[in-house]
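Data first, discussion second: the structure below is written as C-alpha cells.
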Amino acid sequence: MLQELAAVDTHPLAATAARFVGLLPLLPLAGFLVNGALSLVPAYTRGPADPSAGGAHGSEHAEHAEHADAHGADHHEVVRHPFAAVASVVGPLVLVLSFALAVAIWMAMATTGEVDTPYVRSFFDWMVTGDLHVRWAFQLDQLSMVMVLVITGIGSLIHIFSIGYMRDDPGYPRFFAYLNLFVAFMLVLVLGASYPVMFVGWEGVGLCSYLLIGFWFSDKANADAGLKAFIVNRIGDVGFLMAMFMIFANLRTLDFTSVSAAAPSLGANSALVTTICLFLFMGCAGKSAQLPLYVWLPDAMAGPTPVSALIHAATMVTAGVYLIARSSALFALSPTACITVAVVGTLTALFAATIGLKQWDIKKVLAYSTISQLGYMFMGVGVGAYAAGMFHLVTHAFFKALLFLGSGSVIFAMHRAYHHTGNHEDAQDMRNMGGLRKYMPWTFVLMWIATLAIAGVPPFSGFFSKDGILGAVFARAEHGALADATWLGMPGSAVLYVLYALGLVTALLTAIYMTRLMLYTFHGPNRTGEAERAHLSEAPWSMTGPLVVLGALSAVGGWLNLPAALPLGPIGVLEKWLEPVVGSSTAAVAGVVGDQVTSTEYFLIGAAVVIAVLGIVIAVVRLKPAAVVPARDAVPTHGFEHVLEKKYYVDQVYDEVVVRPVVGGSRNILWMGIDRGIIDSLFVNGSAVLARGVGWVGSQFQSGETGAYAWAIAIGALAVLGAFTFR
Amino acid sequence: MIAEALFFSAVLFIIGVVGVLIRRNAIIIFMCVELMLNAVNLSFIALARLHGTATGQVFVLFVMTVAAAEAAVGLAIVISIFRHHKSVDLRNINLLKG
C-alpha cells in the first residue's frame, strides 16, 4: 500500500495539473447541487392539468393552440423560471471550467512526454472486505483523457446551446441540474480506475438518461420512454455485473491496471475469458444500444434535443465502446468474443441504417443513425482496432452532436412558427418541413457538413474514421489472430470479409438516409404552411454558435488520425496517443502489420469514397422532395417499405414475446398466485388464524371459576413438589 | 416431639387445602386459608424450637400480621360480594372469564 502510494507520487504527472483530476467531476456535481436547489422553486403555480412542457415538443401543441385561441394568434405563453438567469450562468459555467481543467491536464500530459503508465489518483478506500479492496480512485491515461476532452468539450457546447433551446421551459434549472449531474457521472465512468468505480458512473449516467428522457414527464409517453431506457439498460447491466464477478473470482482484483496485467493468466481463447468478454459486451449492448437491446434509444428521443445530442449521441451511448477499449487486454485474449462484437456491431449498423431509410421524424432518423454508427464503432473495437473505434467515437461525437443540435434548431424554429399561429402539427416530422434552407442558412450549411462527414465524403472527419474501421476489418480478414480463428464453425477470415461487405452496404445506406433527411428538411418546397412561413427564422446565436464550432470540428476532425495512405499531415496522431493503453492489445489481435502502404489500401479508400458519393447521388436522383406531402395528408405505405417504417415490428415482437409474458406472468403467477395466493392468504392471514385459534384455546382455561383455579394451583403445586421429591 | 408437631401441621394444612378445593362458601374458604396459614405457623414454631433460633418465630409474627391485614381486606370484599349477589357462593362469581 505504501509502495503503491509512493509510486503514485513519483508518477511524472503527479506534479502537474493532473493532480486536480478529482475536480473534474466535482465541478459539474457542484453545478448540479446549485441548479437542483434552484429547481426546488416552482416556476409558476397553476391548475393541475397544466403541462410542464415548453420548449420544442410535438405533443404540446394542443395546449399552445388553446392559449393562442384564448389570447390572440400572436401570443406566447412563456413561463420562465424565476432563477433562469442564475441557471444559465451556473449550468454551462461549471462545464466550461471542467473543460478548461481537462485541457490543462491534457497539455500537461502532452508535454510530460512518455507517460507509459496510467496516473492513478486514489482518494479513499471504498470497499474493503476479504480479498476485495476497492479504492475510490481515478485513472488518467491517454484513453480516459480523450473521453474527458470529448465529454467536457462537446458537453460545454451543448450546455451553451441549451440556454437558448430550453430558456422558455418552466423546468429550466431542473434541466441543467440533470445535465450537470449527467456530466459528473459520465466523468466518473471514464475516470474510474476500477470496474466498480466505473460501474457507479455507468449506473449514474443511466439514471440521468432516465430523468432526462422523461424530462417532460407529464406526458405519459415520455415517462414510459424513460422507463423503457432504464429497464433495457438494466438487462445489459446484469452482464456487466456478471463479468465483474467473474473477473474478481478469477483474478482477485478489479483495478484496470491489475486486471490488464493479470489477464493472460486466464488463458488465451479459453472459455472463461470468452464468457467474461461476452458478459461485458452484454453490458455494452445495453448501454450502447446494440442488437438486441437497441430498442430504447429511438424512444429516448422523447427527451429534449440537447439531451439527445449529449447523452444519446455523443457521450453516454459510447460508454460501451470505451468499456471494450478499456478491457482490451481481456478481449485480445478471445478471438471468439472479438468476432462476436464485430458481428453484432455490423449487423446493428446495417439493421438500424435500413430502418433509418424510412423514418419521418427527424430525430428518429438521427437516433437510428446513431445506433448504426455505434455499430461501426463496435465493428472497429471488435476487430481490435481500438484506436480506429475511439477515433470514430470522437468524430461521431462531433458530427452527430452537430446533427442533433441542428435538428434541435430546426425543431425550435418549426415549433416557434407553429406557436405563433396556433398550429398543432408535428414540429419534428420532416413531411411538415421542406425548403428550410432559405430561412435557416447557417443551420443548413452546417448540417450539410455533418451529413457529408457521416456519409464518409472526404475530407470530412467521418470519412477518415469510417475508413479506418473498414480498413481494419479488411486487414484483419487478410491475416492475424482473427483471420485464423473460427467463429461458430466458420473461418474468421470469411466472416470478416462478409462484415467488410456489410460495412460498405451500411455506408451506402448511411449516405442515402442522411441525404434524404437533408433533402426533405432543407430542400424542395416549403410545407409548413403560409402563415407559419413568415415566422420561420434562424435560432439565436447562442444556439447557432455551438453549431459553428461543431461544424468546424466535423470538417477537420479527420486530421486527428490520418491514415498512412493519405499523408495530408501528421499520420495517426490519435493512434500514437492511445498506443500506451491499447497498443499491446491491438498488436495481439492484429499481429505484425507492415508500415508500407499497399495498393489494396488505395483501392479500399477509393471504394469507400465511391460508395459514399453513390449513396448521395442515389438519394438526390431517386427522392423528390417536391412530391412529399405534409404528414396529415400522407398515404400509408405498403410492402417492405411499410415494414421499414414500422421498424421491422421489433417493438411489437418484443411486446408480445417479452413484455406481455413478463407482465402477464407477474400478474397471474407472481401477484395473484404467489403474493395474493400464498403470501397473503397462507402467511399473512394464516398466521392471524393460527394466533386466533391458539388464543381461543387459551381463553377456555380462563373459566372465571375460582374453584377451578384453586384446583389448578393445587395440582400444579403437587406436581412441582413431586418433581422435586422424585427427581 | 418435632415429628408430632410437623405431622399435626401437615394434617391441618391438608384440611385447609381440601376445604379450599371442595367448599363453595367464600367464608369457609377464607377460614380454610387461615387454617393453612396457621399450619405453616405451627411448623415454623416447631422448627424454630428444634434449631434453637428465633428466626422462625419472627416469621410467624410476620405471617400473623399479614393474615390479619388479609382478613380485613378479604372480609370487606366478601361483604361487598354478599351485598351485590345476596350470596357468598363462589360459583356465582365468574365474571372474569376469557
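Naming scheme: A, B, ... for chains in displayed order of the C-alpha cells; residues 1 onward per chain; ligands 1 onward as shown.
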
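All of the residues in chain A within 7 Å of chain B are Ser699, Gln700, Gln702, Ser703, Gly704, Glu705, Thr706, Gly707, Ala710 and Trp711 of chain A, where only C-alpha atoms were counted.
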
Using N, CA and C atoms, can you export the residues from the last selection as an mmCIF file, in the first residue's frame?
data_model
loop_
_atom_site.group_PDB
_atom_site.id
_atom_site.type_symbol
_atom_site.label_atom_id
_atom_site.label_comp_id
_atom_site.auth_asym_id
_atom_site.auth_seq_id
_atom_site.Cartn_x
_atom_site.Cartn_y
_atom_site.Cartn_z
ATOM 1 N N SER A 699 -58.144 -19.156 25.998
ATOM 2 C CA SER A 699 -59.216 -18.463 26.720
ATOM 3 C C SER A 699 -60.144 -19.440 27.416
ATOM 4 N N GLN A 700 -60.189 -20.677 26.901
ATOM 5 C CA GLN A 700 -61.078 -21.651 27.523
ATOM 6 C C GLN A 700 -60.607 -22.027 28.925
ATOM 7 N N GLN A 702 -59.572 -19.880 31.025
ATOM 8 C CA GLN A 702 -59.988 -18.783 31.900
ATOM 9 C C GLN A 702 -61.498 -18.857 32.092
ATOM 10 N N SER A 703 -61.936 -19.795 32.974
ATOM 11 C CA SER A 703 -63.369 -20.001 33.123
ATOM 12 C C SER A 703 -64.000 -18.985 34.062
ATOM 13 N N GLY A 704 -63.165 -18.307 34.856
ATOM 14 C CA GLY A 704 -63.710 -17.411 35.870
ATOM 15 C C GLY A 704 -64.129 -18.153 37.140
ATOM 16 N N GLU A 705 -64.071 -19.505 37.100
ATOM 17 C CA GLU A 705 -64.434 -20.299 38.285
ATOM 18 C C GLU A 705 -63.249 -20.333 39.232
ATOM 19 N N THR A 706 -63.367 -19.698 40.393
ATOM 20 C CA THR A 706 -62.252 -19.664 41.342
ATOM 21 C C THR A 706 -61.857 -21.062 41.770
ATOM 22 N N GLY A 707 -62.855 -21.938 41.904
ATOM 23 C CA GLY A 707 -62.563 -23.302 42.328
ATOM 24 C C GLY A 707 -61.652 -24.014 41.360
ATOM 25 N N ALA A 710 -58.252 -22.864 41.856
ATOM 26 C CA ALA A 710 -57.674 -23.450 43.065
ATOM 27 C C ALA A 710 -57.195 -24.856 42.799
ATOM 28 N N TRP A 711 -57.996 -25.640 42.086
ATOM 29 C CA TRP A 711 -57.557 -26.995 41.713
ATOM 30 C C TRP A 711 -56.292 -26.939 40.878
#

Neighbour list for region 36-51 of chain B as a PyMOL selection string, cut-off 12 Å, only C-alpha atoms, skip fewer than 6 positions in-chain: chain B and resi 1-20+29-30+57-68+70-71

Neighbour list for His312 (chain A) as a PyMOL selection string, cut-off 9 Å, only C-alpha atoms, skip fewer than 3 positions in-chain: chain A and resi 209+288+297+300-301+307-309+315-318+367+370

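Computed from the coordinates, the CA of Ala453 (chain A) to CA of Phe281 (chain A) distance equals 27.8 Å.
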
Alpha helix (DSSP H) positions in chain B, given as number ranges by chain: B: 2-22, 26-51, 55-85
